[in-house]
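Peer 1: Okay, so here is model36.cif, and as you'll see once you scroll down, it has mmCIF, C-alpha atoms.
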```
data_target
loop_
_atom_site.label_atom_id
_atom_site.label_comp_id
_atom_site.auth_asym_id
_atom_site.auth_seq_id
_atom_site.Cartn_x
_atom_site.Cartn_y
_atom_site.Cartn_z
CA MET A 1 9.32 9.84 -23.90
CA LYS A 2 10.13 6.67 -22.01
CA TYR A 3 9.41 5.93 -18.39
CA ASN A 4 11.06 3.22 -16.42
CA VAL A 5 8.51 1.09 -14.62
CA ASN A 6 9.40 -1.32 -11.83
CA PHE A 7 7.22 -3.63 -9.87
CA ASP A 8 6.99 -7.08 -8.42
CA LEU A 9 4.53 -9.18 -10.33
CA GLU A 10 3.10 -11.14 -7.51
CA PHE A 11 0.33 -13.64 -7.17
CA ARG A 12 -0.95 -14.00 -3.68
CA LYS A 13 -0.69 -17.41 -2.09
CA HIS A 14 -3.89 -17.64 -0.14
CA ASN A 15 -4.02 -18.51 3.53
CA TYR A 16 -7.56 -19.78 3.57
CA SER A 17 -8.29 -23.21 4.93
CA GLY A 18 -9.54 -24.49 1.56
CA LEU A 19 -7.54 -25.57 -1.45
CA PHE A 20 -7.61 -24.03 -4.89
CA PHE A 21 -6.86 -26.04 -8.03
CA ALA A 22 -7.15 -24.92 -11.63
CA LEU A 23 -7.08 -26.77 -14.92
CA GLU A 24 -5.60 -25.15 -17.96
CA GLY A 25 -5.14 -26.22 -21.56
CA ILE A 26 -6.26 -25.51 -25.10
CA ASP A 27 -9.82 -26.18 -26.27
CA GLY A 28 -10.48 -29.90 -26.36
CA SER A 29 -7.74 -30.72 -23.85
CA GLY A 30 -10.26 -32.22 -21.44
CA LYS A 31 -10.48 -29.49 -18.80
CA THR A 32 -14.24 -29.67 -18.41
CA THR A 33 -14.24 -33.47 -18.16
CA GLN A 34 -11.36 -33.52 -15.72
CA THR A 35 -12.82 -30.75 -13.56
CA GLU A 36 -15.94 -32.88 -13.13
CA GLN A 37 -14.07 -36.16 -12.66
CA VAL A 38 -11.59 -34.80 -10.16
CA ALA A 39 -14.37 -33.19 -8.15
CA LYS A 40 -16.39 -36.41 -8.21
CA LEU A 41 -13.47 -38.48 -6.98
CA LEU A 42 -12.60 -36.02 -4.24
CA GLU A 43 -16.22 -36.01 -3.14
CA GLN A 44 -16.23 -39.77 -3.01
CA ARG A 45 -13.31 -39.48 -0.65
CA GLY A 46 -15.35 -37.30 1.63
CA LYS A 47 -14.04 -33.91 0.57
CA ASN A 48 -16.14 -30.80 0.30
CA VAL A 49 -15.64 -29.69 -3.30
CA ILE A 50 -17.04 -27.06 -5.60
CA THR A 51 -16.42 -26.84 -9.33
CA THR A 52 -16.35 -23.55 -11.12
CA GLY A 53 -14.80 -21.98 -14.19
CA GLU A 54 -13.82 -18.92 -16.14
CA PRO A 55 -15.34 -17.16 -17.95
CA THR A 56 -18.23 -17.46 -15.50
CA ASN A 57 -20.97 -16.79 -18.08
CA LYS A 58 -22.91 -15.43 -15.12
CA GLY A 59 -23.85 -12.04 -13.79
CA VAL A 60 -23.82 -8.77 -15.67
CA ILE A 61 -20.24 -9.06 -16.89
CA GLY A 62 -20.51 -12.72 -17.85
CA GLU A 63 -23.63 -11.94 -19.83
CA LEU A 64 -21.99 -8.99 -21.47
CA ILE A 65 -19.08 -11.17 -22.58
CA ARG A 66 -21.48 -13.65 -24.07
CA ASN A 67 -23.38 -10.91 -25.86
CA VAL A 68 -20.19 -9.41 -27.22
CA LEU A 69 -18.98 -12.81 -28.43
CA GLN A 70 -22.30 -13.58 -30.07
CA SER A 71 -23.07 -10.21 -31.58
CA LYS A 72 -19.77 -10.05 -33.46
CA ALA A 73 -19.91 -6.35 -32.68
CA ASP A 74 -16.91 -4.22 -33.41
CA VAL A 75 -15.25 -4.88 -30.09
CA PRO A 76 -11.47 -4.99 -30.20
CA ALA A 77 -9.67 -8.02 -28.80
CA VAL A 78 -8.17 -6.02 -25.96
CA SER A 79 -11.64 -5.00 -24.83
CA LEU A 80 -12.53 -8.65 -24.42
CA GLN A 81 -9.33 -9.22 -22.46
CA TYR A 82 -10.39 -6.51 -20.03
CA LEU A 83 -13.89 -7.93 -19.79
CA PHE A 84 -12.41 -11.32 -18.95
CA ALA A 85 -10.32 -9.64 -16.26
CA ALA A 86 -13.42 -7.96 -14.81
CA ASP A 87 -15.21 -11.30 -14.87
CA ARG A 88 -12.25 -12.94 -13.11
CA ALA A 89 -12.24 -10.26 -10.42
CA VAL A 90 -15.92 -10.91 -9.75
CA HIS A 91 -15.33 -14.66 -9.81
CA GLN A 92 -12.52 -14.40 -7.28
CA GLU A 93 -14.49 -12.18 -4.90
CA GLN A 94 -17.82 -13.95 -5.17
CA THR A 95 -16.91 -17.60 -5.68
CA THR A 96 -13.29 -18.57 -5.15
CA ILE A 97 -12.50 -16.69 -1.95
CA PRO A 98 -15.81 -17.34 -0.10
CA ASN A 99 -15.49 -21.09 -0.78
CA LEU A 100 -11.84 -21.20 0.22
CA LYS A 101 -12.75 -19.39 3.42
CA GLU A 102 -15.28 -22.12 4.15
CA GLY A 103 -12.53 -24.67 3.80
CA LYS A 104 -13.77 -26.12 0.54
CA ILE A 105 -11.73 -27.44 -2.34
CA VAL A 106 -12.26 -25.21 -5.36
CA VAL A 107 -11.63 -26.83 -8.74
CA SER A 108 -11.69 -24.27 -11.53
CA ASP A 109 -11.91 -24.85 -15.27
CA ARG A 110 -9.38 -22.14 -16.26
CA CYS A 111 -8.03 -19.26 -14.21
CA PHE A 112 -6.12 -16.05 -14.94
CA TRP A 113 -3.30 -17.96 -16.62
CA SER A 114 -5.55 -18.35 -19.66
CA ALA A 115 -5.18 -14.62 -20.28
CA VAL A 116 -1.61 -15.07 -21.49
CA PRO A 117 -2.02 -17.62 -24.31
CA TYR A 118 -5.29 -16.08 -25.45
CA GLY A 119 -3.87 -12.56 -25.28
CA LEU A 120 -0.84 -13.65 -27.29
CA ALA A 121 -3.13 -15.32 -29.82
CA ASP A 122 -4.93 -12.00 -30.35
CA LYS A 123 -1.91 -10.72 -32.19
CA GLU A 124 -1.27 -11.44 -35.86
CA SER A 125 2.06 -12.90 -34.94
CA VAL A 126 4.29 -12.82 -31.91
CA ASP A 127 8.02 -13.08 -32.13
CA TYR A 128 8.92 -15.41 -29.30
CA ALA A 129 12.63 -14.88 -29.86
CA ASN A 130 12.88 -11.14 -29.20
CA GLY A 131 11.17 -10.95 -25.84
CA GLU A 132 7.99 -9.47 -27.25
CA SER A 133 6.01 -12.37 -25.85
CA LEU A 134 7.38 -11.69 -22.41
CA LEU A 135 6.33 -8.06 -22.52
CA VAL A 136 2.84 -9.04 -23.58
CA ALA A 137 2.68 -11.70 -20.87
CA TYR A 138 3.79 -9.21 -18.23
CA GLY A 139 1.34 -6.65 -19.50
CA LEU A 140 -1.50 -9.15 -19.33
CA LEU A 141 -0.43 -10.57 -16.00
CA SER A 142 -0.09 -7.09 -14.50
CA MET A 143 -3.88 -6.96 -14.75
CA TYR A 144 -3.94 -9.84 -12.33
CA ASN A 145 -1.32 -8.59 -9.91
CA GLN A 146 -2.37 -9.55 -6.38
CA PHE A 147 -4.96 -12.04 -7.59
CA ILE A 148 -4.74 -15.27 -5.68
CA ALA A 149 -2.93 -18.08 -7.40
CA PRO A 150 -4.13 -21.67 -7.35
CA ASN A 151 -2.30 -24.05 -5.02
CA LEU A 152 -1.67 -26.11 -8.13
CA THR A 153 -2.47 -25.46 -11.77
CA PHE A 154 -2.68 -28.53 -13.99
CA TYR A 155 -1.86 -28.04 -17.62
CA LEU A 156 -3.46 -30.73 -19.77
CA ASP A 157 -0.99 -31.18 -22.55
CA ILE A 158 -2.37 -32.34 -25.88
CA SER A 159 -1.31 -31.71 -29.46
CA VAL A 160 -3.26 -29.42 -31.74
CA ASP A 161 -4.09 -32.41 -33.94
CA THR A 162 -5.64 -34.26 -31.03
CA ALA A 163 -7.60 -31.14 -30.10
CA ILE A 164 -8.92 -30.75 -33.64
CA MET A 165 -9.91 -34.40 -33.77
CA ARG A 166 -11.76 -34.20 -30.46
CA LEU A 167 -13.43 -30.90 -31.26
CA SER A 168 -14.67 -32.12 -34.63
CA GLN A 169 -16.14 -35.20 -32.95
CA MET A 170 -17.82 -32.92 -30.46
CA ASP A 171 -19.17 -30.97 -33.42
CA LYS A 172 -17.62 -27.86 -31.97
CA VAL A 173 -15.65 -26.94 -35.05
CA LYS A 174 -17.12 -25.33 -38.10
CA GLU A 175 -14.14 -23.69 -39.71
CA ILE A 176 -11.48 -26.31 -39.11
CA TYR A 177 -8.64 -24.47 -40.79
CA GLU A 178 -9.31 -21.18 -39.15
CA LYS A 179 -9.67 -22.98 -35.85
CA LYS A 180 -6.45 -24.89 -36.31
CA GLU A 181 -4.44 -21.73 -36.86
CA LYS A 182 -5.92 -20.14 -33.76
CA LEU A 183 -5.38 -23.28 -31.68
CA GLU A 184 -1.75 -23.40 -32.74
CA LYS A 185 -1.22 -19.86 -31.53
CA ILE A 186 -2.87 -20.64 -28.22
CA TYR A 187 -0.86 -23.84 -27.94
CA ASN A 188 2.37 -21.90 -28.50
CA GLY A 189 1.27 -19.39 -25.88
CA TYR A 190 0.80 -22.16 -23.33
CA GLN A 191 4.19 -23.65 -24.17
CA PHE A 192 5.78 -20.27 -23.61
CA LEU A 193 3.87 -19.77 -20.36
CA ILE A 194 4.78 -23.08 -18.75
CA LYS A 195 8.39 -22.63 -19.75
CA LYS A 196 8.45 -19.12 -18.28
CA PHE A 197 6.68 -20.04 -15.03
CA PRO A 198 7.62 -23.70 -14.53
CA GLU A 199 6.98 -23.65 -10.80
CA GLU A 200 3.38 -22.65 -11.29
CA PHE A 201 2.31 -25.58 -13.46
CA VAL A 202 2.00 -29.31 -13.21
CA VAL A 203 2.07 -30.64 -16.76
CA ILE A 204 -0.15 -33.67 -17.29
CA ASP A 205 -0.10 -35.77 -20.45
CA GLY A 206 -3.60 -35.10 -21.72
CA GLU A 207 -3.39 -37.76 -24.41
CA GLN A 208 -3.72 -40.57 -21.85
CA SER A 209 -7.04 -42.16 -20.94
CA GLU A 210 -9.44 -40.01 -18.95
CA GLU A 211 -9.10 -42.29 -15.93
CA LYS A 212 -5.35 -42.09 -15.91
CA ILE A 213 -5.40 -38.30 -16.13
CA THR A 214 -7.87 -38.05 -13.25
CA GLU A 215 -5.71 -40.42 -11.20
CA GLU A 216 -2.58 -38.43 -11.87
CA ILE A 217 -4.24 -35.17 -10.89
CA ILE A 218 -5.67 -36.70 -7.72
CA SER A 219 -2.31 -38.11 -6.73
CA LYS A 220 -0.71 -34.66 -7.10
CA ILE A 221 -3.51 -33.09 -5.09
CA GLU A 222 -3.14 -35.63 -2.33
CA MET B 223 5.52 -16.28 -7.20
CA LYS B 224 7.36 -13.03 -7.40
CA ASP B 225 8.74 -11.69 -10.61
CA ARG B 226 10.59 -8.41 -10.73
CA ILE B 227 9.38 -6.42 -13.72
CA SER B 228 11.43 -3.56 -15.03
CA PHE B 229 11.14 -1.99 -18.45
CA ASP B 230 10.78 1.27 -20.30
CA LEU B 231 7.23 2.25 -20.95
CA SER B 232 6.32 4.58 -23.76
CA PHE B 233 2.90 5.71 -24.84
CA ARG B 234 1.79 5.51 -28.44
CA GLU B 235 1.63 8.92 -30.08
CA ASN B 236 -1.36 9.89 -32.17
CA PRO B 237 -0.28 9.11 -35.76
CA TYR B 238 -3.30 10.77 -37.40
CA SER B 239 -3.85 14.27 -38.70
CA GLY B 240 -6.73 14.99 -36.30
CA LEU B 241 -5.94 16.69 -33.01
CA TYR B 242 -6.79 14.65 -29.91
CA VAL B 243 -7.55 16.65 -26.77
CA ALA B 244 -8.45 15.17 -23.39
CA VAL B 245 -9.72 16.84 -20.24
CA GLU B 246 -8.92 15.20 -16.92
CA GLY B 247 -9.70 15.99 -13.31
CA ILE B 248 -11.66 14.77 -10.33
CA ASP B 249 -15.45 14.91 -10.25
CA GLY B 250 -16.60 18.49 -9.95
CA SER B 251 -13.41 19.92 -11.42
CA GLY B 252 -15.30 21.42 -14.36
CA LYS B 253 -14.56 18.97 -17.17
CA THR B 254 -18.12 18.96 -18.52
CA THR B 255 -18.35 22.76 -18.49
CA GLN B 256 -15.01 23.16 -20.20
CA ILE B 257 -15.82 20.64 -22.89
CA ALA B 258 -19.13 22.38 -23.55
CA ASN B 259 -17.31 25.70 -23.87
CA LEU B 260 -14.76 24.25 -26.24
CA ALA B 261 -17.50 22.66 -28.32
CA ARG B 262 -19.31 25.98 -28.57
CA GLU B 263 -16.12 27.73 -29.61
CA PHE B 264 -15.22 25.14 -32.25
CA LYS B 265 -18.75 25.15 -33.59
CA ASN B 266 -18.60 28.91 -34.04
CA LEU B 267 -15.36 28.46 -35.91
CA ASN B 268 -16.86 25.73 -38.13
CA LYS B 269 -14.35 23.14 -36.99
CA GLN B 270 -14.87 19.44 -37.53
CA PHE B 271 -14.85 17.76 -34.16
CA VAL B 272 -16.19 14.84 -32.16
CA ILE B 273 -16.87 14.75 -28.44
CA THR B 274 -16.54 11.56 -26.52
CA SER B 275 -16.11 10.47 -22.94
CA GLU B 276 -14.72 7.62 -20.92
CA PRO B 277 -16.78 5.85 -19.88
CA ASN B 278 -19.02 6.40 -22.89
CA ASP B 279 -22.55 5.37 -22.03
CA SER B 280 -23.59 5.25 -25.67
CA LEU B 281 -21.42 2.13 -25.91
CA VAL B 282 -22.47 -1.22 -24.51
CA ILE B 283 -19.80 -1.47 -21.82
CA GLY B 284 -20.07 2.20 -20.89
CA LYS B 285 -23.77 1.71 -20.31
CA LEU B 286 -23.05 -1.09 -17.89
CA ILE B 287 -20.54 1.10 -16.06
CA ARG B 288 -23.07 3.90 -15.78
CA ASP B 289 -25.62 1.49 -14.28
CA ILE B 290 -23.09 0.20 -11.80
CA LEU B 291 -22.00 3.71 -10.83
CA PHE B 292 -25.58 4.58 -10.08
CA SER B 293 -25.64 1.41 -8.02
CA LYS B 294 -28.36 -0.42 -9.85
CA ILE B 295 -25.99 -3.36 -10.01
CA LYS B 296 -23.36 -4.40 -7.50
CA ILE B 297 -20.00 -5.74 -8.52
CA PRO B 298 -16.74 -5.92 -6.55
CA SER B 299 -14.81 -2.71 -6.93
CA SER B 300 -11.74 -4.64 -8.06
CA ALA B 301 -13.61 -5.49 -11.29
CA PHE B 302 -14.24 -1.85 -12.06
CA GLN B 303 -10.93 -0.75 -13.49
CA PHE B 304 -11.17 -3.53 -16.07
CA LEU B 305 -14.59 -2.42 -17.22
CA TYR B 306 -13.26 1.09 -17.74
CA SER B 307 -10.43 -0.23 -19.86
CA ALA B 308 -12.78 -2.48 -21.82
CA ASP B 309 -15.01 0.50 -22.55
CA ARG B 310 -12.02 2.64 -23.41
CA SER B 311 -10.76 0.24 -26.03
CA VAL B 312 -14.15 0.22 -27.73
CA ASN B 313 -14.23 4.02 -27.58
CA HIS B 314 -10.82 4.19 -29.21
CA ALA B 315 -11.58 1.68 -31.94
CA THR B 316 -15.03 2.94 -32.86
CA ILE B 317 -15.04 6.68 -32.10
CA ILE B 318 -11.63 8.23 -31.47
CA GLU B 319 -9.42 6.62 -34.08
CA PRO B 320 -11.89 6.84 -36.99
CA ALA B 321 -12.43 10.56 -36.28
CA LEU B 322 -8.72 11.34 -35.99
CA ARG B 323 -8.01 9.39 -39.14
CA ASN B 324 -10.53 11.59 -40.94
CA GLY B 325 -8.73 14.65 -39.71
CA LYS B 326 -11.37 15.57 -37.17
CA MET B 327 -10.55 16.94 -33.78
CA VAL B 328 -11.50 14.74 -30.82
CA ILE B 329 -12.31 16.15 -27.39
CA SER B 330 -12.49 13.50 -24.73
CA HIS B 331 -13.93 13.73 -21.27
CA ARG B 332 -11.28 11.70 -19.44
CA THR B 333 -8.75 9.33 -20.97
CA PHE B 334 -6.62 6.42 -19.83
CA TRP B 335 -4.92 8.49 -17.14
CA SER B 336 -8.15 8.32 -15.16
CA ASN B 337 -7.68 4.61 -14.83
CA ILE B 338 -4.72 4.94 -12.52
CA PRO B 339 -6.12 7.09 -9.68
CA HIS B 340 -9.50 5.39 -9.91
CA GLY B 341 -8.02 1.92 -10.21
CA VAL B 342 -5.80 2.34 -7.18
CA GLN B 343 -8.75 3.67 -5.25
CA ASP B 344 -10.94 0.73 -6.32
CA LEU B 345 -8.30 -1.70 -5.18
CA GLY B 346 -8.36 -0.06 -1.77
CA LYS B 347 -4.66 0.63 -2.01
CA ASP B 348 -2.55 3.64 -1.31
CA ILE B 349 -1.22 5.42 -4.39
CA SER B 350 2.19 5.60 -2.76
CA SER B 351 2.52 1.82 -2.72
CA ASP B 352 4.59 1.87 -5.86
CA SER B 353 4.27 -1.76 -6.79
CA ILE B 354 0.49 -1.61 -7.12
CA THR B 355 0.60 1.69 -8.91
CA ASP B 356 3.25 0.53 -11.34
CA SER B 357 1.38 -2.64 -12.11
CA LEU B 358 -1.69 -0.54 -12.88
CA ILE B 359 0.36 1.80 -15.00
CA THR B 360 1.63 -1.25 -16.80
CA ALA B 361 -1.82 -2.70 -17.27
CA THR B 362 -3.16 0.55 -18.67
CA GLY B 363 -0.07 1.97 -20.31
CA MET B 364 1.97 -0.90 -21.60
CA LEU B 365 -0.90 -3.07 -22.54
CA SER B 366 -2.50 -0.08 -24.15
CA TYR B 367 0.69 0.59 -26.02
CA TYR B 368 0.91 -2.99 -27.09
CA TYR B 369 -2.65 -2.97 -28.30
CA GLN B 370 -2.04 0.45 -29.80
CA PHE B 371 -4.14 2.79 -27.72
CA ILE B 372 -3.07 6.29 -28.49
CA LYS B 373 -2.29 9.07 -26.11
CA ALA B 374 -4.00 12.45 -26.47
CA ASP B 375 -1.91 15.18 -28.15
CA LEU B 376 -2.96 17.53 -25.36
CA THR B 377 -4.20 16.45 -21.94
CA PHE B 378 -5.51 19.15 -19.63
CA TYR B 379 -5.80 18.53 -15.92
CA LEU B 380 -8.25 20.83 -14.15
CA ASP B 381 -6.70 21.41 -10.78
CA VAL B 382 -9.19 22.05 -7.98
CA SER B 383 -9.18 21.46 -4.24
CA ILE B 384 -11.43 18.98 -2.44
CA ASP B 385 -13.20 21.82 -0.68
CA THR B 386 -14.08 23.41 -3.98
CA VAL B 387 -15.45 20.22 -5.50
CA MET B 388 -17.44 19.34 -2.42
CA GLN B 389 -19.04 22.73 -2.58
CA ARG B 390 -19.72 22.44 -6.30
CA LEU B 391 -21.06 18.90 -6.12
CA SER B 392 -23.47 19.71 -3.34
CA GLY B 393 -24.74 22.64 -5.38
CA MET B 394 -25.12 20.57 -8.54
CA ASP B 395 -27.75 18.30 -7.05
CA LYS B 396 -27.00 15.65 -9.65
CA LYS B 397 -27.33 11.96 -9.05
CA LYS B 398 -24.53 11.06 -6.73
CA ASP B 399 -22.40 8.30 -8.10
CA ILE B 400 -20.26 6.22 -5.83
CA TYR B 401 -17.14 8.27 -6.48
CA GLU B 402 -18.68 11.41 -5.20
CA ARG B 403 -17.82 10.85 -1.60
CA GLN B 404 -15.24 12.99 0.01
CA ASP B 405 -12.84 10.31 1.23
CA LYS B 406 -12.84 8.68 -2.17
CA LEU B 407 -12.33 11.99 -3.89
CA GLU B 408 -9.37 12.66 -1.65
CA GLN B 409 -7.81 9.35 -2.64
CA ILE B 410 -8.43 10.03 -6.30
CA LEU B 411 -6.97 13.52 -6.00
CA LYS B 412 -3.85 12.00 -4.46
CA GLY B 413 -3.74 9.63 -7.40
CA TYR B 414 -3.85 12.48 -9.89
CA LYS B 415 -1.10 14.30 -8.02
CA TYR B 416 1.01 11.20 -8.27
CA ILE B 417 0.42 10.97 -12.03
CA LEU B 418 1.30 14.64 -12.49
CA GLN B 419 4.52 14.17 -10.61
CA ARG B 420 5.36 10.93 -12.38
CA PHE B 421 4.48 12.04 -15.91
CA PRO B 422 4.92 15.82 -15.80
CA LYS B 423 5.47 16.20 -19.54
CA GLU B 424 2.29 14.39 -20.49
CA ILE B 425 -0.24 16.61 -18.78
CA ILE B 426 -0.91 20.36 -18.76
CA VAL B 427 -2.14 21.61 -15.40
CA ILE B 428 -4.83 24.29 -15.54
CA ASP B 429 -5.98 26.19 -12.48
CA GLY B 430 -9.55 24.96 -12.20
CA GLU B 431 -10.50 27.40 -9.46
CA LYS B 432 -10.61 30.34 -11.83
CA ASP B 433 -13.64 31.66 -13.65
CA PRO B 434 -14.89 29.04 -16.18
CA GLU B 435 -14.61 31.49 -19.11
CA ASP B 436 -11.00 32.31 -18.17
CA ILE B 437 -10.19 28.61 -17.96
CA SER B 438 -11.70 28.02 -21.40
CA ARG B 439 -9.65 30.88 -22.77
CA SER B 440 -6.38 29.40 -21.48
CA ILE B 441 -7.24 25.94 -22.80
CA PHE B 442 -8.28 27.33 -26.15
CA ASP B 443 -5.09 29.40 -26.42
CA ILE B 444 -2.99 26.26 -25.97
CA ILE B 445 -5.05 24.25 -28.45
CA LYS B 446 -4.73 27.02 -31.06
CA GLU B 447 -0.96 26.80 -30.87
CA HIS B 448 -0.86 23.08 -31.59
CA LYS B 449 0.50 22.19 -35.01
CA LYS B 450 -2.43 19.89 -35.74
CA TYR B 451 -4.95 22.63 -35.10
CA ILE B 452 -6.18 23.86 -38.45
#
```
Take the structure in this file and express it as structure tokens.

Peer 2:
Amino acid sequence: MKYNVNFDLEFRKHNYSGLFFALEGIDGSGKTTQTEQVAKLLEQRGKNVITTGEPTNKGVIGELIRNVLQSKADVPAVSLQYLFAADRAVHQEQTTIPNLKEGKIVVSDRCFWSAVPYGLADKESVDYANGESLLVAYGLLSMYNQFIAPNLTFYLDISVDTAIMRLSQMDKVKEIYEKKEKLEKIYNGYQFLIKKFPEEFVVIDGEQSEEKITEEIISKIE
Amino acid sequence: MKDRISFDLSFRENPYSGLYVAVEGIDGSGKTTQIANLAREFKNLNKQFVITSEPNDSLVIGKLIRDILFSKIKIPSSAFQFLYSADRSVNHATIIEPALRNGKMVISHRTFWSNIPHGVQDLGKDISSDSITDSLITATGMLSYYYQFIKADLTFYLDVSIDTVMQRLSGMDKKKDIYERQDKLEQILKGYKYILQRFPKEIIVIDGEKDPEDISRSIFDIIKEHKKYI
């Protein structure tokens, strides 16, 4: 039995006096560094800024996510996706919106867009040619219908090789090969996402020097 | 950003030999009583079966939900629907599917249908605002399909009025969770009515106002007729 479903996938543009920026990218793309640098520079220019990120790692849901990730319990991938969504809902209500209401600039290390590449990477393989990826993306994004969208989302574009190199220097990689395969899937997911929603992303060359990246982001913000 | 989504949704059928039965309805509709009666009946008949519920507070996420429902912890209501789905996917992977695969019958107190009326209510929206409802249906249904949740072979909806449940709940003197307030119940009831109208072939409506033993008899009669019932 098939049922036709119709709806407008819609991200709310907020009307608060603050500004909301998010940084997206694969692991090792420099999101954390840039979140800090951008905030620092904006502060130096007299702006009222807060930095935040997803997953929050805070509160009951954040802690639960951490426990699930660490315990290696038999929790299916989709369960984690839903936990991330719950965490994002809490983050939006308790951090993003209150700060935007106060007129602050919110700079977030990841936002709901991450759900798409990571959700796609959960699958063994995704056929990007037959529209399967689009259905998954819509399914995942439908969880975030009516969430507020950032004013700008910066995608820090780096190659998987660069990511692997950086992560191994950071001593964050134990199983390089396993990690590389996963990173490639996530990378492909991001490529699909920014192609599908080009108006939502500002693509920044993440292979440039840190200073240049920060400058580029700031200039877009300003 | 606005993206018009239109597609055909189908639910994944139970591919296993075990029969999967779910009981749905608003709080106070008699789900717990009916499941207990079914369990008693199946035990007498020496059937192999497993009882589960959504949320399932023997599971880590279900436990958190239970604590939140009893208001020990506060989280925004918009986060709630996701916790239910997170719990549900663990329930499916660790309890429901293994049992069905082994040919056991599964009786579930609620299933993914619950997510829609409760989710709409948590979002503070009206069930008739189709866009919200359809996006929730998509999030529960399509995503579930994609991640291979299975639909119950038989879903029973215990149909009772608000007046009846209010009377029953006040007599039950059990810990009141946050859903047990009349205005919320009314919203949730509206949500169920919407689901019944939208997916009439998926759910069997049972008059929940009748005598509990009569209700059990009608449910049992339908189960007995199912081809997977052995």

Peer 1: What separation in Å, quoted to one decimal, exists between CA of Tyr414 in chain B and CA of Ala258 in chain B?

Peer 2: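 Here the two named atoms are 22.8 Å from each other.
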
Peer 1: Would you list which chain B residues are within 8 Å of chain A using only C-alpha atoms, as an MDAnalysis selection string?

Peer 2: chainID B and resid 223:233 283 297:298 300:305 307:312 315:316 352:354 356:358 360:361 364:365 368:369

Peer 1: Report the residues retrieved by the PyMOL selection byres ((chain B and resi 446) around 12) from the displayed file, expressed as an NGL selection string.

Peer 2: :B and (241 or 243 or 260 or 263-264 or 267 or 269 or 327 or 376 or 438-445 or 447-452)

Peer 1: Might you spell out which residues the PyMOL selection byres ((chain A and resi 40) around 12) would select in the displayed file, as a list in words?

Peer 2: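 In the shown coordinates, the PyMOL selection byres ((chain A and resi 40) around 12) covers Thr33, Gln34, Thr35, Glu36, Gln37, Val38, Ala39, Leu41, Leu42, Glu43, Gln44, Arg45, Gly46, Lys47, Asn48, Val49, Ile50, Thr51, Ile105, Val107, Thr214, Glu215 and Ile218 of chain A.
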
Peer 1: Could you list the residues chosen by the PyMOL selection byres ((chain B and resi 318) around 9) in this structure as a count of residues only?

Peer 2: 17

Peer 1: Could you state the separation of CA of Phe21 in chain A and CA of Ile217 in chain A in Å, given to one decimal place?

Peer 2: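 About the pair CA of Phe21 in chain A and CA of Ile217 in chain A: they are 9.9 Å apart.
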
Peer 1: In Å, rounded to a single decimal, give me how far CA of Val203 in chain A is from CA of Leu152 in chain A.

Peer 2: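 Separation of CA of Leu152 in chain A and CA of Val203 in chain A: 10.4 Å.
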
Peer 1: What lies within 9 Å of Asp27 in chain A using only C-alpha atoms, ignoring chain neighbours under 3 positions off, as a ChimeraX atom specification?

Peer 2: /A:30-31,163-164,167,183

Peer 1: Show me the residues close to (3.2, 12.1, -11.0) - anything with an atom within 12 Å, counting only C-alpha atoms - and format the list as a ChimeraX atom specification.

Peer 2: /A:3 /B:335,338-339,349-350,352,355-356,359,411-425,427

Peer 1: Considering all atoms listed in the file, can you say which of A:Gly62, A:Phe192, A:Ile148, A:Phe112 comes closest to Ala129 in chain A?

Peer 2: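 So, comparing all the options, the nearest one is A:Phe192.
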
Peer 1: Reconstruct range 27-35 of chain A at the level of N, CA and C atoms, and format the result as an mmCIF file, in the coordinates of the input.

Peer 2:
```cif
data_model
loop_
_atom_site.group_PDB
_atom_site.id
_atom_site.type_symbol
_atom_site.label_atom_id
_atom_site.label_comp_id
_atom_site.auth_asym_id
_atom_site.auth_seq_id
_atom_site.Cartn_x
_atom_site.Cartn_y
_atom_site.Cartn_z
ATOM 1 N N ASP A 27 -8.476 -25.605 -26.067
ATOM 2 C CA ASP A 27 -9.820 -26.180 -26.270
ATOM 3 C C ASP A 27 -9.680 -27.645 -26.623
ATOM 4 N N GLY A 28 -10.502 -28.475 -26.030
ATOM 5 C CA GLY A 28 -10.480 -29.900 -26.360
ATOM 6 C C GLY A 28 -9.457 -30.689 -25.556
ATOM 7 N N SER A 29 -8.782 -30.025 -24.612
ATOM 8 C CA SER A 29 -7.740 -30.720 -23.850
ATOM 9 C C SER A 29 -8.321 -31.555 -22.709
ATOM 10 N N GLY A 30 -9.617 -31.392 -22.458
ATOM 11 C CA GLY A 30 -10.260 -32.220 -21.440
ATOM 12 C C GLY A 30 -10.458 -31.524 -20.092
ATOM 13 N N LYS A 31 -10.342 -30.220 -20.067
ATOM 14 C CA LYS A 31 -10.480 -29.490 -18.800
ATOM 15 C C LYS A 31 -11.840 -29.704 -18.149
ATOM 16 N N THR A 32 -12.891 -29.570 -18.961
ATOM 17 C CA THR A 32 -14.240 -29.670 -18.410
ATOM 18 C C THR A 32 -14.473 -31.068 -17.837
ATOM 19 N N THR A 33 -14.102 -32.086 -18.616
ATOM 20 C CA THR A 33 -14.240 -33.470 -18.160
ATOM 21 C C THR A 33 -13.459 -33.687 -16.878
ATOM 22 N N GLN A 34 -12.209 -33.265 -16.880
ATOM 23 C CA GLN A 34 -11.360 -33.520 -15.720
ATOM 24 C C GLN A 34 -11.813 -32.744 -14.483
ATOM 25 N N THR A 35 -12.310 -31.525 -14.695
ATOM 26 C CA THR A 35 -12.820 -30.750 -13.560
ATOM 27 C C THR A 35 -13.927 -31.546 -12.870
#
```
